[in-house]
Amino acid sequence: MSAPITTTSESFPGPGDVARATRTHRQGRFAVTTRKLPISKAKPIEALERDLGIPVPEMIFGDNAVGVRHGPSGWALEFCARDALDAVDKTGSRGMLRVAYARSWSASRERQPGVRDVVRPFDWSYTTDYRGSLVSAPPAPPPLLPSSADSTTPSNPTTTAETPLDTGDKEAQKEEGAEAQETKKASLDFSLTDEPIPIELLKRRDPILFFDEVTLYESELDDNGVSAYSVKVRVHERRMLLLARLFMRLDDVVVRVRDTRVYVDFASDRVTREYTARELGFDDLKKVSVPPPHISRSLFATPWTRGKDFANMTCAV
């Protein structure tokens, strides 16, 4: 049981809170980790806004995260609120959205002196094309993800670390080591592929060994809709699927969905990441003749165009 809060300046979350909120599942040579904590407090929010340069959504879960790490190589893919919001358009250069009643509001005030257009200088719908933060062979594991030493295969208790022998020019060895690290980093990056995620395998009713859903941020867009970024992950014996989704609905204007799917084959250590961007105006949405309670289902049944934003990438670790 947690100790009672005795002062408003009490630090939260503390190390114990982070540890209790973190879940890790190991399958094959991979570790899947999720962390869920309450909405960020005022001071962390202020620090985040200074860092990003834009106001953050009303509900920001700055301590939440989801990560997938390959133990032997140190390769990792992590999803967090800070990086997701950092990918939001901060200048409005990609086009600014207006609420449905903006045109009528402006028309009614055209002849009133002192009334001008006021536009937020960033994408206030918090639409992001964030596909995860890739970490290739980090020098030290981030706090969220378990280190490569925490692999599923226990280490030999008789094994000891040894200091490398000095067998030549240290500067030459240092340069060779840097080149080798760059080569390894490049080999762990995603590359384009035509091979799709095997949907048929994911449709099988294999037992789910681990499942979690983590929200990174959510905004009600000043009572004009909703914009939310969340991550779901499910792990089976031979494979896993992660879905990171940005869902944005601006009432009577537009609906956007940005999906990042990460598929891991535990037998081959192959990771496939698929990104899709979909958008539909409300005028087109109203043509779908279904009752309002089923509006979400109709969205995903509608054949939206993926276009140039569709990318299927793979990485063998």
# chains A, B, ... in the order shown; residues from 1 in each chain; ligands from 1
$ residues_around --residues "A:Val257" --least-positions-apart "3" --cutoff "8 Å" --atoms "only C-alpha atoms" --output "PyMOL selection string"
chain A and resi 245-248+277-279
$ closest_residue --among "A:Leu241, A:Val214, A:Asp129, A:Leu202" --to "A:Thr276" --atoms "only C-alpha atoms"
A:Asp129
$ select_by_dssp --residues "stretch 210-296 of chain A" --states "strand (DSSP E or B)" --output "ChimeraX atom specification"
/A:210-219,225-235,239-250,254-265,270-281
$ closest_residue --among "A:Leu243, A:Ile39, A:Val254, A:Val88" --to "A:Tyr217" --atoms "only C-alpha atoms"
A:Ile39
$ residues_around --residues "A:Met59" --least-positions-apart "6" --cutoff "10 Å" --atoms "only C-alpha atoms" --output "mmCIF file with C-alpha atoms, in the first residue's frame"
data_model
loop_
_atom_site.group_PDB
_atom_site.id
_atom_site.type_symbol
_atom_site.label_atom_id
_atom_site.label_comp_id
_atom_site.auth_asym_id
_atom_site.auth_seq_id
_atom_site.Cartn_x
_atom_site.Cartn_y
_atom_site.Cartn_z
ATOM 1 C CA PRO A 38 -1.077 8.827 -13.980
ATOM 2 C CA ILE A 39 -1.310 12.102 -15.906
ATOM 3 C CA SER A 40 1.795 14.239 -15.579
ATOM 4 C CA THR A 215 -2.116 5.897 -23.673
ATOM 5 C CA LEU A 216 0.543 8.524 -24.363
ATOM 6 C CA TYR A 217 -1.671 11.601 -24.743
ATOM 7 C CA GLU A 218 -5.239 12.698 -25.374
ATOM 8 C CA SER A 219 -6.909 16.013 -26.160
ATOM 9 C CA GLU A 220 -10.559 16.972 -26.550
ATOM 10 C CA ALA A 228 -5.349 10.514 -28.903
#
$ residues_around --residues "A:Leu250" --least-positions-apart "6" --cutoff "7 Å" --atoms "only C-alpha atoms" --output "VMD selection string"
chain A and resid 224 to 226
$ residues_around --residues "A:Leu48" --least-positions-apart "6" --cutoff "9 Å" --atoms "only C-alpha atoms" --output "PDB file with all heavy atoms, in the first residue's frame"
ATOM      1  N   ILE A  54       5.658  23.997 -27.771  1.00  0.00           N
ATOM      2  CA  ILE A  54       4.216  24.091 -28.039  1.00  0.00           C
ATOM      3  C   ILE A  54       3.470  23.667 -26.782  1.00  0.00           C
ATOM      4  O   ILE A  54       4.012  22.932 -25.942  1.00  0.00           O
ATOM      5  CB  ILE A  54       3.780  23.198 -29.219  1.00  0.00           C
ATOM      6  CG1 ILE A  54       4.115  21.728 -28.929  1.00  0.00           C
ATOM      7  CG2 ILE A  54       4.401  23.668 -30.528  1.00  0.00           C
ATOM      8  CD1 ILE A  54       3.575  20.758 -29.955  1.00  0.00           C
ATOM      9  N   PRO A  55       2.207  24.114 -26.626  1.00  0.00           N
ATOM     10  CA  PRO A  55       1.390  23.599 -25.519  1.00  0.00           C
ATOM     11  C   PRO A  55       1.119  22.116 -25.720  1.00  0.00           C
ATOM     12  O   PRO A  55       0.967  21.654 -26.853  1.00  0.00           O
ATOM     13  CB  PRO A  55       0.094  24.420 -25.620  1.00  0.00           C
ATOM     14  CG  PRO A  55       0.433  25.595 -26.477  1.00  0.00           C
ATOM     15  CD  PRO A  55       1.500  25.143 -27.416  1.00  0.00           C
ATOM     16  N   VAL A  56       1.071  21.370 -24.634  1.00  0.00           N
ATOM     17  CA  VAL A  56       0.820  19.928 -24.743  1.00  0.00           C
ATOM     18  C   VAL A  56      -0.667  19.671 -24.544  1.00  0.00           C
ATOM     19  O   VAL A  56      -1.403  20.518 -24.043  1.00  0.00           O
ATOM     20  CB  VAL A  56       1.651  19.143 -23.703  1.00  0.00           C
ATOM     21  CG1 VAL A  56       3.138  19.380 -23.930  1.00  0.00           C
ATOM     22  CG2 VAL A  56       1.252  19.507 -22.286  1.00  0.00           C
ATOM     23  N   GLY A  62       3.274  11.694 -19.557  1.00  0.00           N
ATOM     24  CA  GLY A  62       4.686  11.833 -19.894  1.00  0.00           C
ATOM     25  C   GLY A  62       5.575  10.720 -19.404  1.00  0.00           C
ATOM     26  O   GLY A  62       6.696  10.555 -19.908  1.00  0.00           O
ATOM     27  N   ARG A  82       6.736  12.236 -25.274  1.00  0.00           N
ATOM     28  CA  ARG A  82       7.581  13.373 -25.645  1.00  0.00           C
ATOM     29  C   ARG A  82       7.973  13.311 -27.124  1.00  0.00           C
ATOM     30  O   ARG A  82       7.857  14.295 -27.867  1.00  0.00           O
ATOM     31  CB  ARG A  82       8.819  13.387 -24.751  1.00  0.00           C
ATOM     32  CG  ARG A  82       9.697  14.638 -24.907  1.00  0.00           C
ATOM     33  CD  ARG A  82      10.814  14.380 -25.880  1.00  0.00           C
ATOM     34  NE  ARG A  82      11.501  15.623 -26.209  1.00  0.00           N
ATOM     35  CZ  ARG A  82      12.143  15.822 -27.350  1.00  0.00           C
ATOM     36  NH1 ARG A  82      12.159  14.897 -28.286  1.00  0.00           N
ATOM     37  NH2 ARG A  82      12.762  16.975 -27.570  1.00  0.00           N
TER      38      ARG A  82
END
$ closest_residue --among "A:Val231, A:Val68, A:Leu77, A:Cys315" --to "A:Phe190" --atoms "only C-alpha atoms"
A:Cys315
$ closest_residue --among "A:Lys43, A:Phe266, A:Lys36, A:Tyr275" --to "A:Cys80" --atoms "only C-alpha atoms"
A:Lys36
$ atom_distance --atom1 "atom CA of A:Leu52" --atom2 "atom CA of A:Gly67"
21.8 Å
$ residues_around --residues "stretch 197-199 of chain A" --least-positions-apart "6" --cutoff "12 Å" --atoms "only C-alpha atoms" --output "JSON, numbers by chain"
{"A": [239, 240, 241, 242, 260, 261, 262, 263, 264, 265, 270, 271, 272, 273, 274, 275, 311, 312, 313, 314]}
$ write_last_selection --atoms "C-alpha atoms" --output "PDB file, in the first residue's frame"
ATOM      1  CA  ARG A 239       5.300 -13.777 -32.825  1.00  0.00           C
ATOM      2  CA  MET A 240       4.098 -10.422 -31.509  1.00  0.00           C
ATOM      3  CA  LEU A 241       2.264  -7.383 -32.843  1.00  0.00           C
ATOM      4  CA  LEU A 242       2.412  -3.798 -31.647  1.00  0.00           C
ATOM      5  CA  THR A 260       2.251   2.084 -36.976  1.00  0.00           C
ATOM      6  CA  ARG A 261       2.326  -1.717 -36.767  1.00  0.00           C
ATOM      7  CA  VAL A 262       5.420  -3.543 -35.552  1.00  0.00           C
ATOM      8  CA  TYR A 263       5.558  -7.290 -36.151  1.00  0.00           C
ATOM      9  CA  VAL A 264       8.270  -9.467 -34.599  1.00  0.00           C
ATOM     10  CA  ASP A 265       9.040 -13.043 -35.627  1.00  0.00           C
ATOM     11  CA  ARG A 270      12.965 -10.293 -37.929  1.00  0.00           C
ATOM     12  CA  VAL A 271      11.122  -7.045 -37.198  1.00  0.00           C
ATOM     13  CA  THR A 272       8.692  -5.521 -39.703  1.00  0.00           C
ATOM     14  CA  ARG A 273       7.251  -2.038 -39.266  1.00  0.00           C
ATOM     15  CA  GLU A 274       4.301  -0.823 -41.322  1.00  0.00           C
ATOM     16  CA  TYR A 275       3.031   2.764 -41.326  1.00  0.00           C
ATOM     17  CA  ALA A 311       5.637   2.282 -45.999  1.00  0.00           C
ATOM     18  CA  ASN A 312       6.590  -1.269 -45.107  1.00  0.00           C
ATOM     19  CA  MET A 313      10.031  -1.567 -43.539  1.00  0.00           C
ATOM     20  CA  THR A 314      11.927  -4.499 -42.119  1.00  0.00           C
TER      21      THR A 314
END
